[in-house]
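Worksheet for the structure shown next.
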Amino acid sequence: MEIRLILGDQLNEKHIWFTALDDNVCYVMFEMRQETDYVKHHIQKVVAFFAAMRSFARKLEENGHQILYYTIDDPNNTQDLQKNIEKAINLFNAKKFAYQQPDEYRLDKQLEEISTQLEVPTKTYDTEHFLTTRDELKTFYEGKKSLVMEFFYRYMRKKHQYLMIDGQPEGGSWNYDKFNRNTWKGGTIPPPYKPDATLAKEIFPQVKAAGISTIGTFNADEFLFATTRKDSLAQLDYFCTYLLQDFGTFQDAMHQDETNLFHARISFSLNVKLIDPAEVIEHAIAAYRKNNDRISLSQIEGFVRQILGWREYIRGLYWKEMPQYKKKNELNNFGKLPAFYWTGKTKMNCLKTSIENSLQHAYAHHIQRLMITGNFALLLQTNPDEVDHWYLGIYADAVEWVQLPNTRGMSQYADGGILATKPYVSSGSYVNKMSNYCKGCSYDKKQRTGENACPFNSLYWNFLDDKREELRGNNRMGMMYNLLGKINPEELARIKERAYQIMENPDAF
Ligand SMILES: Cc1cc2nc3c(=O)[nH]c(=O)nc-3n(C[C@H](O)[C@H](O)[C@H](O)COP(=O)(O)OP(=O)(O)OC[C@H]3O[C@@H](n4cnc5c(N)ncnc54)[C@H](O)[C@@H]3O)c2cc1C
Ligand code: SF4
C-alpha cells in the first residue's frame, strides 16, 4: 500500500496519479492549522481552499479512488503534518509514501525533512501543472546580465508555438502592450461569472467555529471563486465568450464602480490547479480563432502574455532566487503599513476603494495591487515584510511562489531590480489618468503641498529624493530625476515636510 499526499493547491484531476484506479493506493488530504495560521488570511481564501479541497476529494471518491480526508474539525486530525502522515501510513500499513513537489519553498523543505523521518521510503512527483520545470528559467538566464521578462516570454512563445506562424510572432510583433493602456470611461460590462457557492456557504461557519482568525467578509452571494474543475472551466469559458474581447484594451484601467472590469478571475482556480495554464491558453486562443471579428490579436496576445509569460516567469524566478529573495530589502525600507490597509478607513479614495474591494472580495485586479496599494506602500517606504504579509493574506489567489516576486520584486523593488527595471511608483497624476478615483476624492490631485494636496504627490517626490543613493545608476530613472532637479529647493523642502507628516501618521489621511 502507498500513501499519497495531496496538498490544498494540488487539485489537478488530470495528474498521472489519477489515470488508473489502484487498490494499493490511498490518497490523503488534511485541512491544516499550519496553513490557515502562517499569516492572517482572508475568510474567503480559507473557505475557497477548503471548498476546493473537499470537492476534489469527493470527486476522487466518486471515481473510485481510496481517500482519507481530515477536515479542520475532525478529532483524528492531529494538526501536525508529520503525525497525520504517520497515522495514515500506520492505518493502512503502507510501505511507501509519495507527494507532489510543493510550489512553496516552506512546504518543500518541510516535506523533505518529514520524508527523512518516516520509516517508509518516499517518492516525489512533478505536479504536471506548469509549462516550465522549476529550474528552466534559471537555465534560460544563465550567463545573461538582465532577467527582462520579454526574452523569456519570446522563448516560451517559440517553445510552445502559441500565436506563432512560420517561426514568427503572429501579426509581426511579439508584444501589443501599447494597445493595453486605455482607460474605462463607463458603459456596460458583463457581470462576473457566478460559481456555485453552496459548499462555501456550508464551510464558512465551520471555519468560524474552528476559531481561525481571518480578515475580510464572506457573503455567499458575492463569492466568485470557482472551487470545482467544472465551474473553473465554465468561468474560463465565460471569460472567453464575454470579456476577452476587451481584456487587453482595459487591462490597466481602474474604475470606482467596477471591481472586475474585463479581468478573468481565474487566478484562484489556476493556483490550486483545478485548471492548467496550457488549457487556459488554448481555450482562449481557440475563442480568438473562432471569433476574430470581435477578439483582436492585441486582446489575445495580452492575455497569453500574462499566463505564458508572467506567470511562468514569476514561478521560475521564485525558485531561482529563494530562499534569499524573501529577505531582500535593497531600498532599505523599514516603515509600518498603515492600519487602514485592514479597514479601508482613509480619505484617499483610490486606496479606500481598492482596500474595501479587497476586504469584500478577497480580490483586486493587477493595477489596483500594483499602482494603488503597492505604490502607496512603497512611497511610504514600508518594510517589505509587512507588505508581503498583507498581500499573502488578503487575496484568495495568494500562494507564496506567485505573491512574493510580485510583491517584493515587482511592486516594492526590494530585490533591487532583479524583476523590474525600475520601481513602480507614481504621483496622483497616473492614478487620475488611469481611473476616475480622483473625482470622488477629498484631496486635490494637482497639489503637492498644503492641507488638501494629494498625499501621493509629496510622497512621490520625497521618495525619489530619499532614494537617490539606492537608485543612482538606474538609467530608467533619469527622466524622473531630471524633473526632481527642476523643483526649487524651498518647494522641495515644503514637499518633504508634508511627505514626512504623512509617513509619520498615514492613518490621519
Ligand atoms: C503586488 C502584487 C501581488 C500579486 N499577488 C498575486 C498572488 O498572490 N497570486 C496571483 O496569482 N497573482 C498575484 N498577482 C498578479 C495579478 O495581480 C493576479 O494574478 C491577477 O490580478 C489575478 O486576477 P485575474 O485572474 O482576474 O487576472 P487577469 O488580469 O484576468 O489575468 C489572467 C491571469 O494571468 C496571470 N497573471 C497576470 N499577471 C500575473 C503576474 N504578475 N504574476 C503571475 N500571474 C499573472 C494570472 O494567473 C491571472 O489569473 C500580484 C500582483 C501584484 C502587483
Ligand atoms: S487625489 Fe490622490 S489620494 Fe485622491 S484618489 Fe487621486 S491619487 Fe488617490
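Residues are referred to by chain and number: the chain letter is A, B, ... according to the order shown in the C-alpha cells, the number counts from 1 in that chain, and ligands are numbered separately from 1 in the order shown.
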Original post:
Per DSSP on the backbone, what are the alpha helix (DSSP H) residues of range 57-237 of chain A, as JSON, numbers by chain?
Top reply: {"A": [57, 58, 59, 60, 61, 62, 81, 82, 83, 84, 85, 86, 87, 88, 89, 90, 91, 105, 106, 107, 108, 109, 110, 111, 112, 113, 114, 115, 116, 117, 136, 137, 138, 139, 140, 141, 149, 150, 151, 152, 153, 154, 155, 156, 157, 158, 159, 160, 198, 199, 200, 201, 202, 203, 204, 205, 206, 207, 208, 209, 229, 230, 231, 232, 233, 234, 235, 236, 237]}
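With a cut-off of 6 Å and using only C-alpha atoms and all ligand atoms, the polymer residues contacting ligand 1 are His263, Ala264, Arg265, Ile266, Ser267, Gln306, Ile307, Trp310, Arg311, Ile314, His365, His366, Arg369, Leu370, Gly374, Asp397, Ala398, Val399, Val402, Gln403, Asn406, Thr407 and Ser411 of chain A.
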**OP:** Compile the contact shell of Leu163 in chain A as a ChimeraX atom specification: residues with an atom at most 10 Å away, counting only C-alpha atoms, same-chain residues fewer than 5 positions apart removed.
**Re:** /A:157-158,168-171,174,285,297,300-301,304
Could the residues in this selection be written to a file with C-alpha atoms, as a PDB file, in the first residue's frame?
ATOM      1  CA  ARG A 157       6.087  31.505 -27.434  1.00  0.00           C
ATOM      2  CA  LYS A 158       8.571  29.697 -29.669  1.00  0.00           C
ATOM      3  CA  GLN A 168       7.401  34.384 -36.482  1.00  0.00           C
ATOM      4  CA  PRO A 169       5.007  36.000 -33.975  1.00  0.00           C
ATOM      5  CA  GLU A 170       1.509  36.233 -35.361  1.00  0.00           C
ATOM      6  CA  GLY A 171       0.838  39.745 -36.683  1.00  0.00           C
ATOM      7  CA  TRP A 174       5.761  39.883 -30.064  1.00  0.00           C
ATOM      8  CA  ILE A 285      -6.703  31.054 -28.500  1.00  0.00           C
ATOM      9  CA  LEU A 297      -4.821  39.979 -31.745  1.00  0.00           C
ATOM     10  CA  ILE A 300      -5.422  37.535 -27.038  1.00  0.00           C
ATOM     11  CA  GLU A 301      -1.699  38.361 -27.038  1.00  0.00           C
ATOM     12  CA  VAL A 304      -1.413  34.852 -23.351  1.00  0.00           C
TER      13      VAL A 304
END
**OP:** All residues within 9 Å of ligand 2 are required, counting only C-alpha atoms and all ligand atoms; please report them as a PyMOL selection string.
**Re:** chain A and resi 347-353+372+427-432+435-447+453-457+509
Subject >> Atom-to-atom span, CA of Pro75 in chain A and CA of Ile3 in chain A, Å >> reply: 20.4 Å
Subject >> Backbone DSSP call of strand (DSSP E or B) for range 22-246 of chain A, listed as a list of chain:residue names >> reply: A:Val25, A:Cys26, A:Tyr27, A:Val28, A:Met29, A:Phe30, A:His42, A:Gln66, A:Ile67, A:Leu68, A:Tyr69, A:Tyr70, A:Lys96, A:Phe97, A:Ala98, A:Tyr99, A:Gln100, A:Thr122, A:Lys123, A:Thr124, A:Tyr125, A:Met164, A:Ile165, A:Gln168, A:Pro169, A:Ile215
How would the residues just chosen look if you wrote them out with N, CA and C atoms as a PDB file, in the first residue's frame?
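The result, written out as out_27.pdb:
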ATOM      1  N   VAL A  25      -3.366   2.066  -3.375  1.00  0.00           N
ATOM      2  CA  VAL A  25      -3.034   3.483  -3.143  1.00  0.00           C
ATOM      3  C   VAL A  25      -4.141   4.126  -2.319  1.00  0.00           C
ATOM      4  N   CYS A  26      -3.725   4.910  -1.308  1.00  0.00           N
ATOM      5  CA  CYS A  26      -4.711   5.742  -0.607  1.00  0.00           C
ATOM      6  C   CYS A  26      -4.224   7.186  -0.637  1.00  0.00           C
ATOM      7  N   TYR A  27      -5.094   8.064  -1.096  1.00  0.00           N
ATOM      8  CA  TYR A  27      -4.764   9.495  -1.136  1.00  0.00           C
ATOM      9  C   TYR A  27      -5.136  10.117   0.200  1.00  0.00           C
ATOM     10  N   VAL A  28      -4.278  11.023   0.684  1.00  0.00           N
ATOM     11  CA  VAL A  28      -4.594  11.683   1.956  1.00  0.00           C
ATOM     12  C   VAL A  28      -4.605  13.200   1.775  1.00  0.00           C
ATOM     13  N   MET A  29      -5.593  13.830   2.400  1.00  0.00           N
ATOM     14  CA  MET A  29      -5.709  15.295   2.351  1.00  0.00           C
ATOM     15  C   MET A  29      -6.072  15.789   3.742  1.00  0.00           C
ATOM     16  N   PHE A  30      -5.397  16.850   4.170  1.00  0.00           N
ATOM     17  CA  PHE A  30      -5.627  17.365   5.522  1.00  0.00           C
ATOM     18  C   PHE A  30      -5.892  18.869   5.503  1.00  0.00           C
ATOM     19  N   HIS A  42      -7.610  36.068   4.378  1.00  0.00           N
ATOM     20  CA  HIS A  42      -8.990  36.498   4.137  1.00  0.00           C
ATOM     21  C   HIS A  42      -9.910  35.294   4.364  1.00  0.00           C
ATOM     22  N   GLN A  66      -9.404   5.582  -3.366  1.00  0.00           N
ATOM     23  CA  GLN A  66      -9.475   5.492  -1.913  1.00  0.00           C
ATOM     24  C   GLN A  66      -8.910   6.786  -1.323  1.00  0.00           C
ATOM     25  N   ILE A  67      -9.634   7.353  -0.363  1.00  0.00           N
ATOM     26  CA  ILE A  67      -9.155   8.646   0.159  1.00  0.00           C
ATOM     27  C   ILE A  67      -9.388   8.782   1.655  1.00  0.00           C
ATOM     28  N   LEU A  68      -8.401   9.352   2.314  1.00  0.00           N
ATOM     29  CA  LEU A  68      -8.533   9.675   3.739  1.00  0.00           C
ATOM     30  C   LEU A  68      -8.478  11.193   3.849  1.00  0.00           C
ATOM     31  N   TYR A  69      -9.543  11.789   4.358  1.00  0.00           N
ATOM     32  CA  TYR A  69      -9.630  13.258   4.395  1.00  0.00           C
ATOM     33  C   TYR A  69      -9.901  13.701   5.823  1.00  0.00           C
ATOM     34  N   TYR A  70      -9.050  14.552   6.353  1.00  0.00           N
ATOM     35  CA  TYR A  70      -9.303  15.122   7.681  1.00  0.00           C
ATOM     36  C   TYR A  70      -9.745  16.568   7.538  1.00  0.00           C
ATOM     37  N   LYS A  96       4.992   2.601   1.399  1.00  0.00           N
ATOM     38  CA  LYS A  96       5.586   3.710   0.641  1.00  0.00           C
ATOM     39  C   LYS A  96       4.807   4.992   0.909  1.00  0.00           C
ATOM     40  N   PHE A  97       5.525   6.112   0.754  1.00  0.00           N
ATOM     41  CA  PHE A  97       4.871   7.423   0.856  1.00  0.00           C
ATOM     42  C   PHE A  97       5.257   8.239  -0.378  1.00  0.00           C
ATOM     43  N   ALA A  98       4.315   9.000  -0.910  1.00  0.00           N
ATOM     44  CA  ALA A  98       4.618   9.823  -2.097  1.00  0.00           C
ATOM     45  C   ALA A  98       3.954  11.188  -1.973  1.00  0.00           C
ATOM     46  N   TYR A  99       4.601  12.178  -2.538  1.00  0.00           N
ATOM     47  CA  TYR A  99       3.973  13.501  -2.619  1.00  0.00           C
ATOM     48  C   TYR A  99       4.386  14.199  -3.906  1.00  0.00           C
ATOM     49  N   GLN A 100       3.580  15.192  -4.291  1.00  0.00           N
ATOM     50  CA  GLN A 100       3.927  16.021  -5.459  1.00  0.00           C
ATOM     51  C   GLN A 100       4.755  17.202  -4.957  1.00  0.00           C
ATOM     52  N   THR A 122      10.184   7.384   0.449  1.00  0.00           N
ATOM     53  CA  THR A 122       9.346   8.439  -0.137  1.00  0.00           C
ATOM     54  C   THR A 122       9.685   8.623  -1.603  1.00  0.00           C
ATOM     55  N   LYS A 123       8.656   8.860  -2.407  1.00  0.00           N
ATOM     56  CA  LYS A 123       8.888   9.185  -3.810  1.00  0.00           C
ATOM     57  C   LYS A 123       8.217  10.534  -4.110  1.00  0.00           C
ATOM     58  N   THR A 124       8.910  11.387  -4.886  1.00  0.00           N
ATOM     59  CA  THR A 124       8.286  12.670  -5.239  1.00  0.00           C
ATOM     60  C   THR A 124       7.901  12.677  -6.718  1.00  0.00           C
ATOM     61  N   TYR A 125       6.852  13.410  -7.003  1.00  0.00           N
ATOM     62  CA  TYR A 125       6.342  13.529  -8.372  1.00  0.00           C
ATOM     63  C   TYR A 125       6.238  15.002  -8.759  1.00  0.00           C
ATOM     64  N   MET A 164       2.132  31.723 -33.099  1.00  0.00           N
ATOM     65  CA  MET A 164       3.315  31.759 -33.967  1.00  0.00           C
ATOM     66  C   MET A 164       2.915  31.291 -35.369  1.00  0.00           C
ATOM     67  N   ILE A 165       3.461  31.928 -36.376  1.00  0.00           N
ATOM     68  CA  ILE A 165       3.238  31.485 -37.754  1.00  0.00           C
ATOM     69  C   ILE A 165       4.587  31.423 -38.458  1.00  0.00           C
ATOM     70  N   GLN A 168       7.498  32.950 -36.817  1.00  0.00           N
ATOM     71  CA  GLN A 168       7.401  34.384 -36.482  1.00  0.00           C
ATOM     72  C   GLN A 168       6.163  34.638 -35.621  1.00  0.00           C
ATOM     73  N   PRO A 169       6.211  35.704 -34.779  1.00  0.00           N
ATOM     74  CA  PRO A 169       5.007  36.000 -33.975  1.00  0.00           C
ATOM     75  C   PRO A 169       3.846  36.411 -34.879  1.00  0.00           C
ATOM     76  N   ILE A 215      -9.370  37.837   8.048  1.00  0.00           N
ATOM     77  CA  ILE A 215      -9.726  39.218   7.723  1.00  0.00           C
ATOM     78  C   ILE A 215     -10.815  39.212   6.644  1.00  0.00           C
TER      79      ILE A 215
END
